[in-house]
Structure formats: C-alpha cells, structure tokens
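A.B. asks: Input entry_11.pdb, format and content: PDB, C-alpha atoms.
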ATOM      1  CA  MET K   1       9.263  22.904   3.948  1.00  0.00           C
ATOM      2  CA  LEU K   2       7.724  24.822   6.823  1.00  0.00           C
ATOM      3  CA  VAL K   3       3.935  25.037   7.123  1.00  0.00           C
ATOM      4  CA  PHE K   4       1.880  26.935   9.665  1.00  0.00           C
ATOM      5  CA  THR K   5      -1.017  24.709  10.784  1.00  0.00           C
ATOM      6  CA  GLU K   6      -3.149  24.668  13.898  1.00  0.00           C
ATOM      7  CA  ARG K   7      -1.244  27.658  15.291  1.00  0.00           C
ATOM      8  CA  ASN K   8       2.069  25.823  15.043  1.00  0.00           C
ATOM      9  CA  LEU K   9       4.944  25.957  12.638  1.00  0.00           C
ATOM     10  CA  ARG K  10       5.652  22.432  11.397  1.00  0.00           C
ATOM     11  CA  GLU K  11       8.230  20.973   9.102  1.00  0.00           C
ATOM     12  CA  ILE K  12       6.742  18.903   6.295  1.00  0.00           C
ATOM     13  CA  PRO K  13       9.065  16.546   4.409  1.00  0.00           C
ATOM     14  CA  ILE K  14       9.106  16.955   0.633  1.00  0.00           C
ATOM     15  CA  GLY K  15      10.654  15.013  -2.245  1.00  0.00           C
ATOM     16  CA  THR K  16      12.475  11.805  -1.395  1.00  0.00           C
ATOM     17  CA  ASP K  17      12.278  12.622   2.330  1.00  0.00           C
ATOM     18  CA  ALA K  18       8.483  12.683   2.091  1.00  0.00           C
ATOM     19  CA  VAL K  19       8.430   9.316   0.332  1.00  0.00           C
ATOM     20  CA  GLN K  20      10.760   7.828   2.949  1.00  0.00           C
ATOM     21  CA  ALA K  21       8.426   9.080   5.684  1.00  0.00           C
ATOM     22  CA  PHE K  22       5.505   7.627   3.702  1.00  0.00           C
ATOM     23  CA  MET K  23       7.228   4.220   3.461  1.00  0.00           C
ATOM     24  CA  ASN K  24       8.035   4.240   7.185  1.00  0.00           C
ATOM     25  CA  SER K  25       4.406   5.034   7.942  1.00  0.00           C
ATOM     26  CA  LEU K  26       3.190   2.202   5.684  1.00  0.00           C
ATOM     27  CA  GLU K  27       5.488  -0.319   7.329  1.00  0.00           C
ATOM     28  CA  SER K  28       4.318   0.625  10.805  1.00  0.00           C
ATOM     29  CA  ARG K  29       0.584   0.421  10.059  1.00  0.00           C
ATOM     30  CA  ASP K  30      -1.298  -2.740  10.982  1.00  0.00           C
ATOM     31  CA  GLU K  31      -3.998  -2.299   8.348  1.00  0.00           C
ATOM     32  CA  ILE K  32      -3.347  -4.358   5.249  1.00  0.00           C
ATOM     33  CA  ASN K  33      -5.188  -2.168   2.762  1.00  0.00           C
ATOM     34  CA  CYS K  34      -3.880   1.177   3.975  1.00  0.00           C
ATOM     35  CA  LEU K  35      -2.533   2.126   0.538  1.00  0.00           C
ATOM     36  CA  SER K  36      -4.387   2.860  -2.665  1.00  0.00           C
ATOM     37  CA  VAL K  37      -3.028   2.286  -6.148  1.00  0.00           C
ATOM     38  CA  SER K  38      -3.105   6.024  -6.848  1.00  0.00           C
ATOM     39  CA  GLU K  39      -1.086   6.811  -3.695  1.00  0.00           C
ATOM     40  CA  TYR K  40       1.439   4.144  -4.649  1.00  0.00           C
ATOM     41  CA  LEU K  41       1.820   5.458  -8.200  1.00  0.00           C
ATOM     42  CA  ILE K  42       2.136   9.074  -7.060  1.00  0.00           C
ATOM     43  CA  ALA K  43       4.812   8.146  -4.518  1.00  0.00           C
ATOM     44  CA  ARG K  44       6.681   5.978  -7.038  1.00  0.00           C
ATOM     45  CA  GLN K  45       6.723   8.347 -10.013  1.00  0.00           C
ATOM     46  CA  SER K  46       9.348  10.805  -8.807  1.00  0.00           C
ATOM     47  CA  LEU K  47      11.739   8.349  -7.178  1.00  0.00           C
ATOM     48  CA  ALA K  48      15.131   7.138  -8.265  1.00  0.00           C
ATOM     49  CA  HIS K  49      15.381   3.434  -9.090  1.00  0.00           C
ATOM     50  CA  GLN K  50      16.762   2.448  -5.665  1.00  0.00           C
ATOM     51  CA  GLN K  51      13.939   4.129  -3.773  1.00  0.00           C
ATOM     52  CA  GLN K  52      11.388   2.662  -6.193  1.00  0.00           C
ATOM     53  CA  GLU K  53      12.709  -0.783  -5.269  1.00  0.00           C
ATOM     54  CA  GLU K  54      12.395   0.030  -1.561  1.00  0.00           C
ATOM     55  CA  LEU K  55       8.819   1.229  -2.013  1.00  0.00           C
ATOM     56  CA  ASP K  56       8.014  -1.876  -4.063  1.00  0.00           C
ATOM     57  CA  GLN K  57       9.307  -4.065  -1.223  1.00  0.00           C
ATOM     58  CA  VAL K  58       7.081  -2.300   1.306  1.00  0.00           C
ATOM     59  CA  VAL K  59       4.047  -2.577  -0.969  1.00  0.00           C
ATOM     60  CA  SER K  60       4.840  -6.208  -1.816  1.00  0.00           C
ATOM     61  CA  ALA K  61       4.843  -7.059   1.892  1.00  0.00           C
ATOM     62  CA  LYS K  62       1.394  -5.448   2.334  1.00  0.00           C
ATOM     63  CA  LEU K  63       0.058  -7.286  -0.711  1.00  0.00           C
ATOM     64  CA  ARG K  64       1.436 -10.625   0.519  1.00  0.00           C
ATOM     65  CA  ARG K  65      -0.267 -10.064   3.875  1.00  0.00           C
ATOM     66  CA  GLY K  66      -3.486  -9.410   1.971  1.00  0.00           C
ATOM     67  CA  VAL K  67      -3.089 -12.596  -0.060  1.00  0.00           C
ATOM     68  CA  ALA K  68      -2.405 -14.601   3.107  1.00  0.00           C
ATOM     69  CA  SER K  69      -5.437 -13.139   4.872  1.00  0.00           C
ATOM     70  CA  CYS K  70      -7.649 -14.190   1.957  1.00  0.00           C
ATOM     71  CA  GLN K  71      -6.426 -17.748   2.325  1.00  0.00           C
ATOM     72  CA  GLN K  72      -6.779 -17.992   6.121  1.00  0.00           C
ATOM     73  CA  HIS K  73     -10.147 -16.406   6.865  1.00  0.00           C
ATOM     74  CA  GLN K  74     -12.865 -17.776   9.098  1.00  0.00           C
ATOM     75  CA  SER K  75     -16.100 -18.921   7.478  1.00  0.00           C
ATOM     76  CA  THR K  76     -18.314 -16.304   9.070  1.00  0.00           C
ATOM     77  CA  TRP K  77     -20.219 -13.443   7.510  1.00  0.00           C
ATOM     78  CA  HIS K  78     -17.647 -10.941   8.812  1.00  0.00           C
ATOM     79  CA  GLY K  79     -14.758 -13.130   7.675  1.00  0.00           C
ATOM     80  CA  ASN K  80     -16.233 -13.456   4.194  1.00  0.00           C
ATOM     81  CA  LYS K  81     -16.870  -9.688   4.014  1.00  0.00           C
ATOM     82  CA  ALA K  82     -13.277  -8.954   5.078  1.00  0.00           C
ATOM     83  CA  VAL K  83     -11.976 -11.306   2.403  1.00  0.00           C
ATOM     84  CA  GLN K  84     -14.131  -9.636  -0.248  1.00  0.00           C
ATOM     85  CA  ILE K  85     -12.857  -6.184   0.741  1.00  0.00           C
ATOM     86  CA  THR K  86      -9.266  -7.429   0.645  1.00  0.00           C
ATOM     87  CA  ARG K  87      -9.789  -9.154  -2.723  1.00  0.00           C
ATOM     88  CA  ASN K  88     -11.243  -5.945  -4.176  1.00  0.00           C
ATOM     89  CA  TRP K  89      -8.240  -4.000  -2.884  1.00  0.00           C
ATOM     90  CA  LEU K  90      -5.810  -6.561  -4.332  1.00  0.00           C
ATOM     91  CA  ALA K  91      -7.689  -6.429  -7.653  1.00  0.00           C
ATOM     92  CA  THR K  92      -6.991  -2.699  -7.958  1.00  0.00           C
ATOM     93  CA  PHE K  93      -3.272  -3.495  -7.964  1.00  0.00           C
ATOM     94  CA  ALA K  94      -3.628  -6.584 -10.141  1.00  0.00           C
ATOM     95  CA  ASP K  95      -5.731  -4.824 -12.777  1.00  0.00           C
ATOM     96  CA  SER K  96      -3.816  -1.550 -13.063  1.00  0.00           C
ATOM     97  CA  SER K  97      -1.734  -1.228 -16.215  1.00  0.00           C
ATOM     98  CA  GLN K  98       0.485   1.360 -14.484  1.00  0.00           C
ATOM     99  CA  VAL K  99       1.563  -0.908 -11.639  1.00  0.00           C
ATOM    100  CA  PRO K 100       4.831  -2.816 -12.259  1.00  0.00           C
ATOM    101  CA  HIS K 101       4.275  -6.396 -13.390  1.00  0.00           C
ATOM    102  CA  LYS K 102       5.925  -7.951 -10.321  1.00  0.00           C
ATOM    103  CA  ILE K 103       3.506  -6.048  -8.049  1.00  0.00           C
ATOM    104  CA  SER K 104       0.505  -7.046 -10.186  1.00  0.00           C
ATOM    105  CA  LEU K 105       1.497 -10.702  -9.992  1.00  0.00           C
ATOM    106  CA  ILE K 106       1.590 -10.658  -6.205  1.00  0.00           C
ATOM    107  CA  ALA K 107      -1.804  -8.948  -6.009  1.00  0.00           C
ATOM    108  CA  ALA K 108      -3.344 -11.341  -8.540  1.00  0.00           C
ATOM    109  CA  GLN K 109      -2.646 -14.284  -6.223  1.00  0.00           C
ATOM    110  CA  GLY K 110      -5.257 -12.976  -3.807  1.00  0.00           C
ATOM    111  CA  THR K 111      -7.959 -12.190  -6.346  1.00  0.00           C
ATOM    112  CA  GLU K 112      -8.613 -15.822  -7.221  1.00  0.00           C
ATOM    113  CA  SER K 113     -11.533 -17.417  -5.411  1.00  0.00           C
ATOM    114  CA  ASN K 114     -10.776 -20.540  -3.432  1.00  0.00           C
TER     115      ASN K 114
END
Could you render the structure from this file as structure tokens?
C.D. replies:
Amino acid sequence: MLVFTERNLREIPIGTDAVQAFMNSLESRDEINCLSVSEYLIARQSLAHQQQEELDQVVSAKLRRGVASCQQHQSTWHGNKAVQITRNWLATFADSSQVPHKISLIAAQGTESN
C-alpha cells in the first residue's frame, strides 16, 4: 500500500507482511515491555496458524525476559519501581482471557511476588 506522508510516497506493508515487519521490529527492540496485550491480539487475529506460532514465540521471548528481570533486580528504589512496572505489564498478559493459555502461563510466572 502506498501512502503519501511528510511529502514522500512510502510503501506501508499490510496483511501478513505488516505482521512480519511488526515481529521483526519487536525482536530488535531492547525494551521488554514494548508490546501491549491489545497490539498482540490485533496482530494475532488475522494470521494463519503458522504465523500465529511465530508471533507467539516472539512474544514468549519478551515475556520470559520480563520474568527474568523481575527475579534479578537490584534492591533500590528504581529497581523496585522497574520490577513493579514489569509485573504490571506481565499481569496484563496473565489476566487476559483472550491471550492463549501458554502465553498467560509464561506471564503469570513474573506476577508472583518473591
């Protein structure tokens, strides 16, 4: 799809190409909580089973990084605040009834207080 933005004609991926670009972007980002539940569900809803599995793998990796960061934080105010933010983010995945069970289970590991 071609879109004219900022005085330039740009090609915007749509459909499965857009989701593939989205997954590539997620994998390359350093931030752990760079994906919301709603973004994940929107991306997942129109995919074939194979691409859903690929997206689930990318999201699972982000969630596992979040779980690990909750377990390895420093006992400082900033460290505790970062853990709370990450736990809240993980809880959105763990508590959503629309998220696949295997994804919820991974997220739930990080919502438990140590």
A.B. asks: Set up a box along x, y and z of the file covering all listed atoms of region 79-90 of chain K, add 6 Å on every one of the six sides, and write the centre and edge lengths in Å to one decimal, as lines of an AutoDock Vina configuration file.
C.D. replies:
center_x = -11.3
center_y = -8.7
center_z = 1.7
size_x = 23.1
size_y = 21.5
size_z = 24.0
A.B. asks: Could you list, as a list in words, every residue within 10 Å of Gly110 (chain K), counting only C-alpha atoms and ignoring same-chain residues fewer than 4 positions away?
C.D. replies: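 Contacts, with the query itself left out: Leu63, Arg64, Arg65, Gly66, Val67, Ala68, Ser69, Cys70, Gln71, Val83, Thr86, Arg87, Asn88, Trp89, Leu90, Ala91, Ala94, Leu105, Ile106 and Asn114 of chain K.
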A.B. asks: In terms of the shortest atom-to-atom distance over only C-alpha atoms, which of K:Leu9, K:Met23, K:Ala108, K:Ala18 is closest to Glu53 (chain K)?
C.D. replies: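 Residue with the minimum atom-to-atom distance to Glu53 (chain K): K:Met23.
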A.B. asks: For a quick check of understanding, using all atoms listed in the file, which of K:Ser25, K:Asn8, K:Ser75, K:Gln20 has the smallest distance to Arg44 (chain K)?
C.D. replies: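 Under the stated criterion, the closest residue is K:Gln20.
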A.B. asks: Quick one: pull the distance between CA of His49 (chain K) and CA of Ala107 (chain K), Å, one decimal.
C.D. replies: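 For CA of His49 (chain K) relative to CA of Ala107 (chain K), the distance reads 21.4 Å.
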A.B. asks: In terms of the shortest atom-to-atom distance over only C-alpha atoms, which of K:Pro100, K:Leu35, K:Ala82, K:Ser28 is closest to Gln52 (chain K)?
C.D. replies: K:Pro100
A.B. asks: Between CA of Gln51 (chain K) and CA of Phe22 (chain K), what is the distance, to one decimal in Å?
C.D. replies: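 We find that CA of Gln51 (chain K) and CA of Phe22 (chain K) lie 11.8 Å from each other.
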A.B. asks: Out of K:Thr92, K:Gln74, K:Asn33, K:Gln84, which residue has the shortest atom-to-atom distance to Ser104 (chain K) when counting only C-alpha atoms?
C.D. replies: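 Checking each of K:Thr92, K:Gln74, K:Asn33, K:Gln84 against Ser104 (chain K), counting only C-alpha atoms, the winner is K:Thr92.
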A.B. asks: Could you check how far CA of Lys102 (chain K) sits from CA of Asp56 (chain K), in Å to one decimal?
C.D. replies: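 Calculated distance between CA of Lys102 (chain K) and CA of Asp56 (chain K) is 9.0 Å.
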A.B. asks: Of the candidates K:His101, K:His78, K:Lys62, K:Arg10, which shows the shortest atom-to-atom distance to Arg29 (chain K), using all atoms listed in the file?
C.D. replies: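 Closest residue, counting all atoms listed in the file: K:Lys62.
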A.B. asks: Can you list what the PyMOL selection byres ((chain K and resi 43) around 9) grabs from this structure, as a CSV table (one decimal) with C-alpha atoms, in the frame of the given file?
C.D. replies:
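So the final result, stored in expr_3.csv, reads:
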chain,number,residue,atom,x,y,z
K,18,ALA,CA,8.5,12.7,2.1
K,19,VAL,CA,8.4,9.3,0.3
K,22,PHE,CA,5.5,7.6,3.7
K,38,SER,CA,-3.1,6.0,-6.8
K,39,GLU,CA,-1.1,6.8,-3.7
K,40,TYR,CA,1.4,4.1,-4.6
K,41,LEU,CA,1.8,5.5,-8.2
K,42,ILE,CA,2.1,9.1,-7.1
K,44,ARG,CA,6.7,6.0,-7.0
K,45,GLN,CA,6.7,8.3,-10.0
K,46,SER,CA,9.3,10.8,-8.8
K,47,LEU,CA,11.7,8.3,-7.2
K,52,GLN,CA,11.4,2.7,-6.2
K,55,LEU,CA,8.8,1.2,-2.0
A.B. asks: If we count all atoms listed in the file, what is near Leu26 (chain K) at a cut-off of 9 Å, once residues fewer than 5 positions away on the same chain are taken out, given as a PyMOL selection string?
C.D. replies: chain K and resi 21+31+34-35+58-59+62
A.B. asks: Mind dumping the selected residues with C-alpha atoms as a short mmCIF file (atom, residue, chain, number, x, y, z; two decimals), in the coordinates of the input?
C.D. replies:
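The result, written out as selection-v3.cif:
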data_model
loop_
_atom_site.label_atom_id
_atom_site.label_comp_id
_atom_site.auth_asym_id
_atom_site.auth_seq_id
_atom_site.Cartn_x
_atom_site.Cartn_y
_atom_site.Cartn_z
CA ALA K 21 8.43 9.08 5.68
CA GLU K 31 -4.00 -2.30 8.35
CA CYS K 34 -3.88 1.18 3.98
CA LEU K 35 -2.53 2.13 0.54
CA VAL K 58 7.08 -2.30 1.31
CA VAL K 59 4.05 -2.58 -0.97
CA LYS K 62 1.39 -5.45 2.33
#
